[in-house]
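Asker: Dropping the structure in here first, questions after.
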Amino acid sequence: MKNKLLFVFLFLSISTFSQTTESLKIATKNLYEANYLMDFETIVSFSYPNMVITLGKDVMLEKLEKYYENDEYRLREQLETLAFQYGTIKKLEGKSFCVITFRNPMRYFFETKLNTETASEKATWLKQINKTNEVTFEPKRNSFNVRRISTYIAIMDETTNNTWRFFNLDDANQLASFETIFGERVKKELGL
């Protein structure tokens, strides 16, 4: 009888973990797809609720729109699907966390024709804001190909109705919001 109970407990634990991992993978794919399609409403709906409240939904939508398209450039994700690297799902303070990283190639199309000097300035700026050295100027397209490692933090807790919601740590506002909401201890536990 004890062996049967142990087996049932083990089976339920593995099954729950498997469902949690599968739902995380689906949510991550859906969030990235929303970024690829520039579906800003969906991006906000996949964002951590307390962050959306703190930053404001309308402000987030406006910032996303300006991030992808403004007077200076148009930004596009380059790949429709990516290989995500999932860290261990950790339980901290009654919440589930997972760090997700992926190589994220993007292209910045500049509206004004860039010459050698302005292209060099933009390349330096893009390296800095994207935290990468992999920035290549393509004069014929008046664009830059940027390859960087992106990081999402997935969280599942009572505020998300036990579904996965995200912080995009490439966004300075979202990173600051994550640090404010969860503090240094959680950040350290996640290896950030």
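Residue numbering restarts at 1 in every chain; chains get A, B, ... in the order shown in the structure tokens, and ligands count up from 1 in that same order.
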Compile the contact shell of range 92-105 of chain A as a list in words: residues with an atom at most 8 Å away, counting only C-alpha atoms, same-chain residues fewer than 2 positions apart removed.

Answerer: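 Skipping anything fewer than 2 positions along the chain leaves Glu77, Gln78, Leu79, Leu82, Ala83, Phe84, Gln85, Tyr86, Gly87, Thr88, Ile89, Lys90, Arg107, Asn145, Val146, Arg147, Arg148, Ile149, Ser150, Thr151, Tyr152, Ile153, Ala154, Ile155, Met156, Asp157, Glu158, Val186 and Leu190 of chain A.
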
Asker: Please indicate the distance in Å from CA of Tyr32 in chain A to CA of Val59 in chain A, rounded to one decimal place.

Answerer: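 Answer for the CA of Tyr32 in chain A to CA of Val59 in chain A separation: 20.1 Å.
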
Asker: DSSP says strand (DSSP E or B) for which residues of range 24-172 of chain A? Put them as number ranges by chain?

Answerer: A: 47, 69, 73-77, 85-86, 90-92, 95-110, 134-138, 143-156, 165-168

Asker: Per DSSP on the backbone, what are the alpha helix (DSSP H) residues of range 31-162 of chain A, as an MDAnalysis selection string?

Answerer: chainID A and resid 31:37 40:45 49:55 57:68 116:130

Asker: With C-alpha atoms retained, could you export that selection as an mmCIF file, in the first residue's frame?

Answerer:
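Here's the written file again-v2.cif:
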data_model
loop_
_atom_site.group_PDB
_atom_site.id
_atom_site.type_symbol
_atom_site.label_atom_id
_atom_site.label_comp_id
_atom_site.auth_asym_id
_atom_site.auth_seq_id
_atom_site.Cartn_x
_atom_site.Cartn_y
_atom_site.Cartn_z
ATOM 1 C CA LEU A 31 4.996 36.014 -26.108
ATOM 2 C CA TYR A 32 7.810 35.899 -28.640
ATOM 3 C CA GLU A 33 5.316 35.482 -31.492
ATOM 4 C CA ALA A 34 3.483 38.601 -30.279
ATOM 5 C CA ASN A 35 6.804 40.498 -30.382
ATOM 6 C CA TYR A 36 7.538 39.149 -33.869
ATOM 7 C CA LEU A 37 4.090 40.258 -35.078
ATOM 8 C CA PHE A 40 1.388 45.057 -28.484
ATOM 9 C CA GLU A 41 -1.895 44.231 -26.701
ATOM 10 C CA THR A 42 -0.870 40.564 -26.513
ATOM 11 C CA ILE A 43 2.611 41.479 -25.285
ATOM 12 C CA VAL A 44 1.066 43.481 -22.439
ATOM 13 C CA SER A 45 -1.369 40.643 -21.652
ATOM 14 C CA PRO A 49 0.314 42.050 -13.852
ATOM 15 C CA ASN A 50 1.938 44.079 -11.044
ATOM 16 C CA MET A 51 4.400 45.521 -13.552
ATOM 17 C CA VAL A 52 1.568 46.507 -15.902
ATOM 18 C CA ILE A 53 -0.211 48.218 -13.002
ATOM 19 C CA THR A 54 2.985 50.002 -11.915
ATOM 20 C CA LEU A 55 4.039 51.154 -15.387
ATOM 21 C CA LYS A 57 -0.982 49.693 -19.622
ATOM 22 C CA ASP A 58 -1.274 52.739 -21.901
ATOM 23 C CA VAL A 59 2.317 53.772 -21.150
ATOM 24 C CA MET A 60 3.536 50.240 -21.914
ATOM 25 C CA LEU A 61 1.629 50.175 -25.211
ATOM 26 C CA GLU A 62 3.036 53.567 -26.189
ATOM 27 C CA LYS A 63 6.612 52.558 -25.297
ATOM 28 C CA LEU A 64 6.293 49.312 -27.269
ATOM 29 C CA GLU A 65 5.043 51.165 -30.318
ATOM 30 C CA LYS A 66 7.904 53.689 -30.112
ATOM 31 C CA TYR A 67 10.405 50.878 -29.521
ATOM 32 C CA TYR A 68 9.392 49.140 -32.744
ATOM 33 C CA THR A 116 30.041 56.283 -42.787
ATOM 34 C CA GLU A 117 30.243 58.614 -39.810
ATOM 35 C CA THR A 118 26.582 58.404 -38.754
ATOM 36 C CA ALA A 119 26.599 54.624 -39.298
ATOM 37 C CA SER A 120 29.568 54.338 -36.942
ATOM 38 C CA GLU A 121 27.765 56.430 -34.312
ATOM 39 C CA LYS A 122 24.610 54.318 -34.659
ATOM 40 C CA ALA A 123 26.641 51.103 -34.430
ATOM 41 C CA THR A 124 28.182 52.262 -31.147
ATOM 42 C CA TRP A 125 24.743 53.237 -29.819
ATOM 43 C CA LEU A 126 23.203 49.890 -30.859
ATOM 44 C CA LYS A 127 26.037 47.959 -29.202
ATOM 45 C CA GLN A 128 25.445 49.867 -26.001
ATOM 46 C CA ILE A 129 21.634 49.607 -25.809
ATOM 47 C CA ASN A 130 21.589 45.952 -26.900
#

Asker: Which residues come within 9 Å of Thr112 in chain A, counting only C-alpha atoms, excluding same-chain residues fewer than 6 positions away, as number ranges by chain?

Answerer: A: 72-73, 142

Asker: Rounded to one decimal place, report the CA of Tyr108 in chain A-CA of Ala176 in chain A distance in Å.

Answerer: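 Computed distance, CA of Tyr108 in chain A to CA of Ala176 in chain A, equals 24.5 Å.
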
Asker: To one decimal in Å, tell me the separation between CA of Met106 in chain A and CA of Trp164 in chain A.

Answerer: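 Atom-to-atom, CA of Met106 in chain A and CA of Trp164 in chain A are spaced 24.8 Å apart.
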